[in-house]
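Asks: Okay, so here is data_23.txt, and as you'll see once you scroll down, it has compact mmCIF, C-alpha atoms.
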```txt
# COMPACT_ATOMS: atom_id res chain seq x y z
CA MET R 7 86.98 75.07 82.14
CA ARG R 8 83.97 75.41 84.45
CA ILE R 9 84.92 76.70 87.90
CA GLY R 10 82.60 76.86 90.90
CA ILE R 11 83.20 79.27 93.79
CA ASP R 12 81.72 79.53 97.27
CA GLY R 13 80.46 83.12 97.12
CA ARG R 14 78.73 83.49 100.48
CA GLU R 15 81.22 86.12 101.68
CA LEU R 16 80.29 88.31 98.71
CA ALA R 17 76.86 89.00 100.17
CA GLY R 18 76.36 91.93 102.54
CA ALA R 19 79.26 93.95 103.97
CA ARG R 20 82.46 92.49 102.51
CA THR R 21 85.38 91.99 104.83
CA GLY R 22 88.62 90.11 104.09
CA VAL R 23 87.45 86.94 102.34
CA GLY R 24 84.66 88.76 100.52
CA ARG R 25 87.06 91.37 99.15
CA TYR R 26 89.49 88.65 98.15
CA ALA R 27 86.86 86.72 96.18
CA ALA R 28 85.40 89.86 94.62
CA ASN R 29 88.78 91.07 93.40
CA LEU R 30 89.60 87.67 91.89
CA CYS R 31 86.29 87.56 90.02
CA ARG R 32 86.72 91.11 88.78
CA GLU R 33 90.20 90.37 87.43
CA TRP R 34 89.16 87.08 85.85
CA ALA R 35 86.30 88.83 84.05
CA ALA R 36 88.71 91.41 82.63
CA SER R 37 91.77 89.31 81.82
CA PRO R 38 92.27 87.62 78.44
CA LEU R 39 94.30 84.99 80.32
CA ALA R 40 91.01 83.73 81.80
CA ALA R 41 89.11 83.79 78.50
CA GLY R 42 87.22 80.59 77.79
CA HIS R 43 86.59 79.82 81.45
CA GLU R 44 83.16 79.93 83.05
CA VAL R 45 83.00 80.92 86.72
CA LEU R 46 79.87 79.98 88.65
CA VAL R 47 79.56 81.90 91.92
CA TYR R 48 77.25 80.18 94.41
CA MET R 49 75.50 82.58 96.78
CA PRO R 50 72.82 82.09 99.44
CA GLN R 51 71.01 85.10 98.00
CA ASP R 52 70.96 86.91 94.67
CA GLY R 53 74.15 88.95 94.65
CA GLY R 54 73.99 90.14 91.06
CA ALA R 55 76.76 89.29 88.61
CA GLY R 56 77.30 92.97 87.97
CA ALA R 57 78.89 93.35 91.40
CA LEU R 58 81.56 90.84 90.38
CA GLY R 59 82.64 92.47 87.16
CA GLY R 60 80.67 92.99 83.98
CA PRO R 61 81.34 91.47 80.55
CA GLY R 62 84.99 91.73 79.64
CA ARG R 63 87.70 89.99 77.66
CA GLY R 64 88.12 87.25 80.22
CA ALA R 65 86.06 84.63 82.01
CA ARG R 66 82.27 84.61 81.99
CA ILE R 67 81.05 85.21 85.54
CA GLU R 68 77.61 83.93 86.54
CA THR R 69 75.88 83.73 89.90
CA ARG R 70 73.87 80.77 91.15
CA THR R 71 71.46 81.35 94.01
CA VAL R 72 71.50 78.47 96.49
CA PRO R 73 68.77 79.10 99.10
CA GLY R 74 69.56 78.74 102.76
CA ALA R 75 71.41 80.36 105.63
CA PRO R 76 75.13 80.59 104.78
CA GLY R 77 76.57 78.38 107.51
CA ILE R 78 78.27 75.02 107.67
CA GLY R 79 75.00 73.19 106.98
CA TRP R 80 74.45 75.22 103.79
CA GLU R 81 78.03 74.60 102.70
CA GLN R 82 78.04 70.85 103.27
CA SER R 83 74.55 70.13 101.91
CA ALA R 84 72.89 72.73 99.66
CA LEU R 85 76.12 74.08 98.19
CA ALA R 86 77.52 70.59 97.66
CA ARG R 87 74.36 69.48 95.82
CA ALA R 88 74.36 72.56 93.60
CA ALA R 89 78.04 72.22 92.73
CA ASN R 90 77.76 68.50 92.00
CA GLY R 91 74.84 69.19 89.67
CA ASP R 92 76.78 71.67 87.53
CA ASP R 93 79.45 69.35 86.10
CA LEU R 94 82.35 71.45 87.39
CA ASP R 95 85.96 70.94 86.38
CA VAL R 96 87.20 72.41 89.67
CA PHE R 97 85.72 74.01 92.79
CA PHE R 98 87.33 76.93 94.64
CA GLY R 99 86.81 77.71 98.33
CA PRO R 100 88.22 81.21 98.94
CA GLY R 101 87.68 81.16 102.70
CA TYR R 102 89.17 78.23 104.65
CA SER R 103 86.68 75.48 103.75
CA ILE R 104 84.94 73.57 100.96
CA PRO R 105 82.07 71.09 100.71
CA LEU R 106 83.65 67.74 101.55
CA ARG R 107 81.46 65.66 99.22
CA LEU R 108 82.34 67.26 95.93
CA ALA R 109 82.55 65.27 92.73
CA ALA R 110 85.03 67.74 91.23
CA PRO R 111 88.57 68.40 92.46
CA ALA R 112 88.89 71.39 94.76
CA VAL R 113 91.28 74.17 95.70
CA VAL R 114 90.96 75.93 99.07
CA THR R 115 92.59 79.13 100.31
CA LEU R 116 93.79 79.11 103.92
CA HIS R 117 94.66 82.74 104.62
CA ASP R 118 96.14 81.73 107.97
CA ILE R 119 95.63 79.07 110.65
CA SER R 120 95.44 81.25 113.73
CA PHE R 121 92.65 79.00 115.04
CA ALA R 122 95.13 76.10 115.14
CA VAL R 123 98.25 77.81 116.47
CA HIS R 124 96.45 80.19 118.84
CA PRO R 125 93.24 78.48 119.97
CA GLU R 126 93.04 80.88 122.93
CA TRP R 127 91.91 83.62 120.54
CA PHE R 128 88.68 81.78 119.69
CA GLY R 129 85.60 80.63 121.52
CA TRP R 130 85.44 76.89 122.12
CA ARG R 131 82.78 76.14 119.51
CA GLU R 132 84.23 78.45 116.86
CA GLY R 133 87.72 77.08 117.36
CA VAL R 134 86.60 73.46 117.02
CA ARG R 135 84.55 74.27 113.92
CA ARG R 136 87.37 76.16 112.22
CA ARG R 137 90.02 73.54 112.99
CA TRP R 138 87.80 70.64 111.89
CA LEU R 139 86.77 72.27 108.60
CA ALA R 140 90.21 73.58 107.68
CA ARG R 141 91.97 70.30 108.36
CA ARG R 142 89.47 68.30 106.32
CA ALA R 143 89.34 70.86 103.53
CA ALA R 144 93.14 70.81 103.24
CA SER R 145 93.13 67.01 103.20
CA ARG R 146 90.35 66.82 100.58
CA ALA R 147 91.64 69.57 98.27
CA ALA R 148 93.86 68.86 95.33
CA ARG R 149 95.80 72.07 96.09
CA VAL R 150 95.91 74.56 98.95
CA VAL R 151 96.57 78.25 98.33
CA THR R 152 97.89 80.58 101.01
CA VAL R 153 99.00 84.20 101.04
CA SER R 154 102.55 84.30 102.42
CA LYS R 155 105.60 82.13 102.97
CA PHE R 156 105.04 82.48 106.71
CA ALA R 157 101.51 81.09 106.43
CA ARG R 158 102.68 78.28 104.15
CA ALA R 159 105.27 77.11 106.66
CA GLU R 160 102.66 77.02 109.44
CA ILE R 161 100.11 75.17 107.28
CA VAL R 162 102.62 72.53 106.21
CA ARG R 163 103.77 72.01 109.79
CA GLU R 164 100.45 72.13 111.65
CA LEU R 165 98.32 70.27 109.09
CA ASP R 166 101.06 67.82 108.07
CA LEU R 167 100.73 68.54 104.35
CA ASP R 168 103.08 67.81 101.48
CA PRO R 169 104.74 71.19 100.75
CA ALA R 170 104.25 70.59 97.02
CA ARG R 171 100.47 70.82 97.52
CA VAL R 172 100.60 74.31 99.10
CA ALA R 173 101.07 77.30 96.78
CA VAL R 174 101.92 80.82 97.93
CA VAL R 175 99.93 83.46 96.05
CA TYR R 176 100.26 86.91 97.60
CA ASP R 177 97.18 89.06 97.97
CA GLY R 178 96.74 92.12 95.82
CA VAL R 179 96.47 95.62 97.22
CA GLU R 180 94.46 98.56 96.01
CA ALA R 181 94.10 102.08 97.32
CA PRO R 182 90.85 103.11 98.98
CA PRO R 183 88.29 104.79 96.68
CA SER R 184 89.42 108.08 95.22
CA ALA R 185 88.69 111.54 96.54
CA THR R 186 85.85 111.85 94.03
CA SER R 187 83.68 109.57 96.17
CA PRO R 188 79.99 110.58 95.89
CA LEU R 189 79.84 110.73 99.71
CA GLU R 190 82.60 113.34 99.91
CA GLY R 191 80.06 116.13 100.19
CA ARG R 192 78.63 114.58 103.35
CA ALA R 193 81.90 114.82 105.25
CA VAL R 194 81.40 117.72 107.66
CA LEU R 195 84.50 119.41 109.02
CA PRO R 196 83.79 120.57 112.57
CA SER R 197 85.91 123.06 114.48
CA ASP R 198 86.54 120.67 117.37
CA GLY R 199 88.22 118.06 115.17
CA ARG R 200 86.03 115.12 116.17
CA VAL R 201 85.80 111.97 114.08
CA THR R 202 82.19 110.86 114.48
CA ILE R 203 80.18 108.58 112.24
CA LEU R 204 76.76 109.91 111.22
CA PRO R 205 74.03 107.94 109.39
CA ASP R 206 74.91 109.61 106.08
CA GLY R 207 78.67 109.50 106.40
CA PRO R 208 81.68 110.41 108.54
CA VAL R 209 82.46 113.69 110.21
CA ILE R 210 86.16 114.08 109.49
CA ALA R 211 88.86 115.82 111.48
CA PRO R 212 89.96 119.08 109.85
CA ALA R 213 92.83 119.04 107.39
CA GLY R 214 96.16 119.31 109.18
CA SER R 215 95.04 117.58 112.36
CA ALA R 216 97.03 114.60 113.60
CA LEU R 217 94.67 111.74 112.78
CA VAL R 218 95.99 108.27 113.64
CA LEU R 219 94.01 105.49 111.97
CA PHE R 220 93.53 101.76 112.54
CA VAL R 221 91.49 99.68 110.08
CA GLY R 222 90.69 95.98 110.41
CA SER R 223 88.47 93.60 112.29
CA ILE R 224 89.24 94.02 115.99
CA PHE R 225 90.96 90.88 117.28
CA ASN R 226 92.96 90.44 120.49
CA ARG R 227 96.05 89.70 118.44
CA ARG R 228 95.96 93.24 117.04
CA HIS R 229 96.63 94.81 120.43
CA LEU R 230 94.25 97.76 120.36
CA PRO R 231 94.64 98.30 124.14
CA THR R 232 98.37 98.87 123.54
CA LEU R 233 97.56 101.34 120.76
CA ILE R 234 95.17 103.26 123.03
CA ASP R 235 97.78 103.42 125.82
CA ALA R 236 100.39 104.61 123.32
CA PHE R 237 98.02 107.19 121.92
CA ALA R 238 97.51 108.63 125.40
CA ARG R 239 101.24 109.43 125.35
CA VAL R 240 100.92 110.96 121.87
CA VAL R 241 98.16 113.30 123.06
CA ARG R 242 100.46 114.75 125.73
CA GLN R 243 102.66 116.13 122.95
CA ARG R 244 100.10 116.67 120.19
CA SER R 245 96.97 118.42 121.41
CA ASP R 246 95.45 118.07 117.92
CA ALA R 247 95.79 114.27 117.84
CA ARG R 248 92.83 111.93 117.35
CA LEU R 249 92.59 108.15 117.00
CA ALA R 250 89.99 106.47 114.79
CA ILE R 251 89.53 102.70 115.14
CA VAL R 252 87.56 101.20 112.24
CA GLY R 253 86.38 97.59 112.26
CA ALA R 254 83.92 95.14 113.75
CA ASP R 255 84.74 94.01 117.28
CA ARG R 256 85.50 90.26 117.22
CA THR R 257 87.65 90.05 120.34
CA HIS R 258 87.81 86.88 122.43
CA PRO R 259 87.99 87.20 125.34
CA ALA R 260 86.04 90.44 124.93
CA GLN R 261 87.98 93.70 125.25
CA ASP R 262 86.29 96.95 126.31
CA LEU R 263 88.20 99.51 124.27
CA ALA R 264 85.91 102.38 125.27
CA ALA R 265 86.65 101.68 128.94
CA ARG R 266 90.38 101.50 128.14
CA ALA R 267 90.26 104.93 126.51
CA GLU R 268 88.26 106.28 129.46
CA ALA R 269 90.80 104.92 131.92
CA ALA R 270 93.62 106.53 129.93
CA GLY R 271 91.83 109.89 130.03
CA ILE R 272 91.43 110.15 126.26
CA ALA R 273 87.85 108.99 125.67
CA ASP R 274 87.07 112.28 123.92
CA ARG R 275 89.90 111.69 121.43
CA VAL R 276 89.26 108.05 120.50
CA ASP R 277 86.48 107.10 118.06
CA LEU R 278 85.33 103.49 117.77
CA CYS R 279 83.73 103.57 114.34
CA GLY R 280 82.75 99.94 113.75
CA HIS R 281 82.59 98.66 110.18
CA LEU R 282 82.33 101.45 107.58
CA PRO R 283 81.36 101.49 103.88
CA ASP R 284 84.28 101.95 101.51
CA ALA R 285 83.47 105.57 100.67
CA HIS R 286 83.36 106.55 104.34
CA LEU R 287 86.61 104.71 105.00
CA ALA R 288 88.25 106.47 102.07
CA ALA R 289 87.43 109.84 103.64
CA LEU R 290 89.27 108.78 106.80
CA PHE R 291 92.31 107.60 104.82
CA ARG R 292 92.43 110.97 103.07
CA ARG R 293 92.77 112.76 106.41
CA ALA R 294 94.98 110.26 108.24
CA ARG R 295 98.58 111.21 109.03
CA VAL R 296 99.69 107.85 110.46
CA PHE R 297 98.36 104.31 110.17
CA ALA R 298 98.88 102.01 113.17
CA PHE R 299 98.55 98.22 113.05
CA LEU R 300 100.05 96.40 116.04
CA SER R 301 99.24 92.84 115.04
CA GLU R 302 101.38 89.98 116.30
CA TYR R 303 99.89 87.48 113.85
CA GLU R 304 98.55 87.69 110.28
CA GLY R 305 98.50 85.50 107.23
CA PHE R 306 99.32 88.52 105.06
CA GLY R 307 98.28 91.81 106.69
CA MET R 308 96.48 93.84 104.05
CA THR R 309 95.62 97.15 105.66
CA PRO R 310 99.15 98.58 106.24
CA LEU R 311 99.76 98.18 102.51
CA GLU R 312 96.39 99.76 101.72
CA ALA R 313 97.47 102.69 103.89
CA LEU R 314 100.70 103.01 101.90
CA ALA R 315 98.67 102.95 98.69
CA ALA R 316 96.59 105.81 100.13
CA GLY R 317 99.75 107.79 100.97
CA VAL R 318 99.69 107.14 104.73
CA PRO R 319 102.90 105.89 106.42
CA ALA R 320 102.47 102.98 108.80
CA VAL R 321 103.63 101.89 112.25
CA VAL R 322 103.40 98.08 112.28
CA GLY R 323 103.80 95.38 114.91
CA ASP R 324 107.11 93.60 114.40
CA SER R 325 106.30 90.06 113.24
CA GLU R 326 107.78 87.65 110.74
CA VAL R 327 104.96 88.08 108.24
CA ALA R 328 104.96 91.88 108.60
CA ARG R 329 108.64 91.90 107.65
CA GLU R 330 107.92 89.60 104.71
CA VAL R 331 105.09 91.73 103.36
CA CYS R 332 106.01 95.33 104.28
CA GLY R 333 109.76 94.99 103.84
CA ASP R 334 111.50 98.31 104.53
CA ALA R 335 108.36 100.39 103.94
CA ALA R 336 107.09 100.59 107.54
CA ARG R 337 108.25 101.46 111.04
CA PHE R 338 108.30 98.26 113.08
CA VAL R 339 107.53 98.31 116.79
CA PRO R 340 106.96 95.80 119.60
CA PHE R 341 103.23 95.14 119.74
CA ASP R 342 103.14 95.35 123.54
CA ASP R 343 105.29 98.42 124.29
CA PRO R 344 103.24 101.68 124.45
CA PRO R 345 106.23 104.04 124.93
CA ILE R 346 107.97 102.79 121.78
CA VAL R 347 104.72 102.79 119.78
CA ALA R 348 104.04 106.37 120.88
CA ARG R 349 107.59 107.41 119.96
CA GLU R 350 107.25 106.06 116.42
CA ILE R 351 103.79 107.59 115.88
CA LEU R 352 105.13 110.97 117.00
CA ARG R 353 108.16 110.55 114.78
CA LEU R 354 105.94 110.09 111.72
CA LEU R 355 103.78 113.03 112.76
CA HIS R 356 106.84 115.29 112.91
CA ASP R 357 109.31 113.96 110.32
CA ASP R 358 108.09 114.68 106.78
CA ALA R 359 111.30 113.39 105.21
CA LEU R 360 110.93 110.02 106.93
CA CYS R 361 107.30 109.78 105.78
CA ALA R 362 108.27 110.58 102.20
CA ASP R 363 110.99 107.91 102.30
CA LEU R 364 108.60 105.26 103.63
CA LEU R 365 106.02 106.08 100.98
CA ALA R 366 108.64 105.87 98.23
CA ARG R 367 109.75 102.48 99.51
CA GLY R 368 106.08 101.52 99.76
CA ALA R 369 105.54 102.20 96.08
CA ALA R 370 108.19 99.61 95.22
CA ARG R 371 106.57 97.08 97.59
CA LEU R 372 103.10 97.69 96.19
CA ALA R 373 104.29 96.93 92.66
CA ARG R 374 104.69 93.31 93.79
CA PHE R 375 101.14 93.01 95.11
CA THR R 376 98.60 93.52 92.33
CA TRP R 377 95.23 91.82 92.00
CA SER R 378 95.95 91.05 88.35
CA ARG R 379 98.98 89.03 89.44
CA THR R 380 97.04 87.37 92.27
CA ALA R 381 94.22 86.41 89.89
CA ALA R 382 96.58 85.03 87.24
CA GLU R 383 98.52 82.90 89.73
CA THR R 384 95.35 81.63 91.41
CA MET R 385 93.83 80.72 88.05
CA ALA R 386 97.00 78.78 87.21
CA VAL R 387 96.56 76.71 90.38
CA LEU R 388 92.90 76.06 89.51
CA GLU R 389 93.83 75.02 85.98
CA GLN R 390 96.48 72.63 87.27
CA ALA R 391 94.04 71.05 89.72
CA GLY R 392 91.37 70.63 87.06
CA ALA R 393 93.77 69.35 84.40
CA ALA R 394 95.34 66.79 86.74
CA THR R 395 91.99 65.17 87.39
CA ARG R 396 90.93 65.15 83.76
```
Could you quickly redo this structure as structure tokens?
Replies:
Amino acid sequence: MRIGIDGRELAGARTGVGRYAANLCREWAASPLAAGHEVLVYMPQDGGAGALGGPGRGARIETRTVPGAPGIGWEQSALARAANGDDLDVFFGPGYSIPLRLAAPAVVTLHDISFAVHPEWFGWREGVRRRWLARRAASRAARVVTVSKFARAEIVRELDLDPARVAVVYDGVEAPPSATSPLEGRAVLPSDGRVTILPDGPVIAPAGSALVLFVGSIFNRRHLPTLIDAFARVVRQRSDARLAIVGADRTHPAQDLAARAEAAGIADRVDLCGHLPDAHLAALFRRARVFAFLSEYEGFGMTPLEALAAGVPAVVGDSEVAREVCGDAARFVPFDDPPIVAREILRLLHDDALCADLLARGAARLARFTWSRTAAETMAVLEQAGAATR
């Protein structure tokens, strides 16, 4: 079977959708279950097939360069023309949309529909674009994939889809890169315990310090102001505490987290790191004592599980999808209550037995979320969509 994939999110710094697509391609290249399939990855620039997994026992992965800027115009015109010229059996859109004039059947992944159920979190133009594309992609696609039962229920309700057309395929989880990262030698350990990002890598808080870590794109729904206010309470009891916030700022309306930390009197203990390369991020995970993720809405919620995989217990905003994904392996807190958040962070900083119990429970949860399983189940959906049309 010949499968085409929108690979624009694989170029440059990979965030959620890019990591998702890259992990699927890597697993398909390695798995005998995908042997005999050809996967054509369409990219607006030469991404190099090597970055998607070299020759293996599975599918053959090839890249196709489709010139143009990777926006909606590229997707609906240049990408559509390229895909229609390659005699595909099925096309896969890993990130919310697909070309609408495809000759082949299509499968699209909707990781969530926050833009539909919470339009206030998006600018007017972005919200309209996302809702229009997602609704039409879901209508056009032979099958829709999503990443949790919570997300599936919302998609079926909000987009008025037949439940039989929407498949739940959980994301996979992997630990951050190992401690043998080639950038490890660039991590300077200063006496003052600061977490500062230098051009050649991170300056990491000394071993034993109370580093609290957040990782993820910064959205309003993830309540970073609440985390900062809670952390101010933590600092009163732990003079060695630091907070590192890693992720690109995508808030709408805009939030000034630096000003929030300044107002709370902890600007010298809060580091806004922006997006970091994997090796730099791994160094932070290796020094973190607690992971904090106060999101009220996710399709899946990857980073708390990545923290568990790295051996870092998590304090997580109490939501339906967080309960579905994390189970009993996290401490759940209201996402808008700084005193309770501070209490739970301090509890994990002080209670080694509780941390060990959460990590043990986390190991059992993580066994359910592997990229090999995600890739196999996603390929089964693609095969069904392609076979039905043939």
Asks: Around (90.9, 90.3, 127.8), as given in the file, which residues come within 10 Å? Count all atoms listed in the file and list them as an MDAnalysis selection string.
Replies: chainID R and resid 127 226 231 257:262
Asks: Can you tell me which residues surround R:Ala84 at a distance of at most 9 Å, considering all atoms listed in the file, apart from same-chain residues fewer than 5 positions away, and format the answer as a ChimeraX atom specification?
Replies: /R:72-74,79,89
Asks: What is the atom CA of R:Val47-atom CA of R:Glu15 distance in Å, reported with one decimal?
Replies: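 So the answer is 10.8 Å.
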Asks: Please provide the set of residues having any atom within 10 Å of stretch 352-359 of chain R, restricted to only C-alpha atoms, with same-chain residues fewer than 4 positions apart removed, written as number ranges by chain.
Replies: R: 215-218, 237, 239-241, 243-244, 247, 295-297, 318-321, 337, 346-348, 363-365
Asks: For the atom pair atom CA of R:Ala370 and atom CA of R:Asn29, what is the interatomic distance in Å to one decimal place?
Replies: 21.3 Å
Asks: May I have the protein, DNA and RNA residues with an atom at most 12 Å from (81.4, 82.4, 96.9), counting only C-alpha atoms in the file's coordinates, returned as a PyMOL selection string?
Replies: chain R and resi 9-17+20+23-31+45-53+55+58+67-72+76+81+85+89+97-105+114
Asks: Find the spatial neighbours of stretch 372-378 of chain R, counting all atoms listed in the file, within a cut-off of 8 Å - ignore same-chain residues fewer than 2 positions away - and output them as a ChimeraX atom specification.
Replies: /R:29-30,33,37,176-180,311,315,368-370,380-382
Asks: Using all atoms listed in the file, which of the listed residues (R:Ala313, R:Leu108, R:Leu139, R:Cys279) sits closest to R:Gly253?
Replies: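 Looking only at the distances to R:Gly253, the closest residue turns out to be R:Cys279.
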Asks: If we count only C-alpha atoms and set the cut-off at 12 Å, which residues sit around R:Glu268, ignoring sequence neighbours fewer than 3 positions away in its own chain? Please answer as a ChimeraX atom specification.
Replies: /R:231,234-235,238,262-265,271-277
Asks: To one decimal place in Å, what is the distance between atom CA of R:Arg136 and atom CA of R:Ala122?
Replies: 8.3 Å
Asks: I need the residue nearest R:Glu350 from this list: R:Ala35, R:Val322, R:Leu314, R:Ala143. Use only C-alpha atoms for the distance.
Replies: R:Val322
Asks: Please determine, counting all atoms listed in the file, which residue among R:Ala289, R:Ile161, R:Ala112, R:Ala170 has the shortest atom-to-atom distance to R:Asp95.
Replies: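 For R:Asp95, the nearest of the given residues is R:Ala112.
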Asks: Using only C-alpha atoms, determine which residues lie at most 9 Å from stretch 305-307 of chain R, disregarding the query and same-chain residues fewer than 4 positions distant; provide the list as an mmCIF file with C-alpha atoms, keeping the file's coordinate frame.
Replies:
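Once everything was written out, this is selection_23.cif:
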```cif
data_model
loop_
_atom_site.group_PDB
_atom_site.id
_atom_site.type_symbol
_atom_site.label_atom_id
_atom_site.label_comp_id
_atom_site.auth_asym_id
_atom_site.auth_seq_id
_atom_site.Cartn_x
_atom_site.Cartn_y
_atom_site.Cartn_z
ATOM 1 C CA LEU R 116 93.790 79.110 103.920
ATOM 2 C CA HIS R 117 94.660 82.740 104.620
ATOM 3 C CA ASP R 118 96.140 81.730 107.970
ATOM 4 C CA ILE R 119 95.630 79.070 110.650
ATOM 5 C CA SER R 120 95.440 81.250 113.730
ATOM 6 C CA THR R 152 97.890 80.580 101.010
ATOM 7 C CA VAL R 153 99.000 84.200 101.040
ATOM 8 C CA SER R 154 102.550 84.300 102.420
ATOM 9 C CA LYS R 155 105.600 82.130 102.970
ATOM 10 C CA PHE R 156 105.040 82.480 106.710
ATOM 11 C CA ALA R 157 101.510 81.090 106.430
ATOM 12 C CA ARG R 158 102.680 78.280 104.150
ATOM 13 C CA TYR R 176 100.260 86.910 97.600
ATOM 14 C CA ASP R 177 97.180 89.060 97.970
ATOM 15 C CA SER R 301 99.240 92.840 115.040
ATOM 16 C CA LEU R 311 99.760 98.180 102.510
ATOM 17 C CA VAL R 327 104.960 88.080 108.240
ATOM 18 C CA ALA R 328 104.960 91.880 108.600
ATOM 19 C CA GLU R 330 107.920 89.600 104.710
ATOM 20 C CA VAL R 331 105.090 91.730 103.360
ATOM 21 C CA CYS R 332 106.010 95.330 104.280
#
```
Asks: From the set R:Leu165, R:Met7, R:Ile224, R:Ala173, which residue has the shortest atom-to-atom contact distance to R:Glu383, counting all atoms listed in the file?
Replies: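 Of R:Leu165, R:Met7, R:Ile224, R:Ala173, the one nearest R:Glu383 is R:Ala173, counting all atoms listed in the file.
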Asks: Mind completing stretch 259-275 of chain R with N, CA and C atoms? Output as a JSON list (two decimals), in the coordinates of the input, please?
Replies:
```json
[["chain", "number", "residue", "atom", "x", "y", "z"],
["R", 259, "PRO", "N", 89.08, 86.67, 124.50],
["R", 259, "PRO", "CA", 87.99, 87.20, 125.34],
["R", 259, "PRO", "C", 87.70, 88.66, 125.00],
["R", 260, "ALA", "N", 86.48, 89.10, 125.32],
["R", 260, "ALA", "CA", 86.04, 90.44, 124.93],
["R", 260, "ALA", "C", 86.92, 91.51, 125.57],
["R", 261, "GLN", "N", 87.23, 92.54, 124.77],
["R", 261, "GLN", "CA", 87.98, 93.70, 125.25],
["R", 261, "GLN", "C", 87.07, 94.93, 125.21],
["R", 262, "ASP", "N", 87.09, 95.73, 126.25],
["R", 262, "ASP", "CA", 86.29, 96.95, 126.31],
["R", 262, "ASP", "C", 87.20, 98.12, 125.98],
["R", 263, "LEU", "N", 87.28, 98.46, 124.70],
["R", 263, "LEU", "CA", 88.20, 99.51, 124.27],
["R", 263, "LEU", "C", 87.73, 100.89, 124.72],
["R", 264, "ALA", "N", 86.42, 101.09, 124.79],
["R", 264, "ALA", "CA", 85.91, 102.38, 125.27],
["R", 264, "ALA", "C", 86.33, 102.61, 126.72],
["R", 265, "ALA", "N", 86.23, 101.56, 127.54],
["R", 265, "ALA", "CA", 86.65, 101.68, 128.94],
["R", 265, "ALA", "C", 88.15, 101.92, 129.03],
["R", 266, "ARG", "N", 88.92, 101.30, 128.13],
["R", 266, "ARG", "CA", 90.38, 101.50, 128.14],
["R", 266, "ARG", "C", 90.71, 102.96, 127.83],
["R", 267, "ALA", "N", 90.04, 103.53, 126.85],
["R", 267, "ALA", "CA", 90.26, 104.93, 126.51],
["R", 267, "ALA", "C", 89.84, 105.85, 127.66],
["R", 268, "GLU", "N", 88.73, 105.50, 128.31],
["R", 268, "GLU", "CA", 88.26, 106.28, 129.46],
["R", 268, "GLU", "C", 89.29, 106.25, 130.58],
["R", 269, "ALA", "N", 89.81, 105.06, 130.86],
["R", 269, "ALA", "CA", 90.80, 104.92, 131.92],
["R", 269, "ALA", "C", 92.08, 105.70, 131.62],
["R", 270, "ALA", "N", 92.42, 105.81, 130.33],
["R", 270, "ALA", "CA", 93.62, 106.53, 129.93],
["R", 270, "ALA", "C", 93.38, 108.03, 129.85],
["R", 271, "GLY", "N", 92.14, 108.47, 130.05],
["R", 271, "GLY", "CA", 91.83, 109.89, 130.03],
["R", 271, "GLY", "C", 91.73, 110.50, 128.65],
["R", 272, "ILE", "N", 91.48, 109.64, 127.64],
["R", 272, "ILE", "CA", 91.43, 110.15, 126.26],
["R", 272, "ILE", "C", 90.15, 109.72, 125.54],
["R", 273, "ALA", "N", 89.08, 109.46, 126.29],
["R", 273, "ALA", "CA", 87.85, 108.99, 125.67],
["R", 273, "ALA", "C", 87.32, 109.97, 124.64],
["R", 274, "ASP", "N", 87.57, 111.27, 124.85],
["R", 274, "ASP", "CA", 87.07, 112.28, 123.92],
["R", 274, "ASP", "C", 87.94, 112.39, 122.67],
["R", 275, "ARG", "N", 89.02, 111.62, 122.59],
["R", 275, "ARG", "CA", 89.90, 111.69, 121.43],
["R", 275, "ARG", "C", 90.01, 110.35, 120.69]]
```
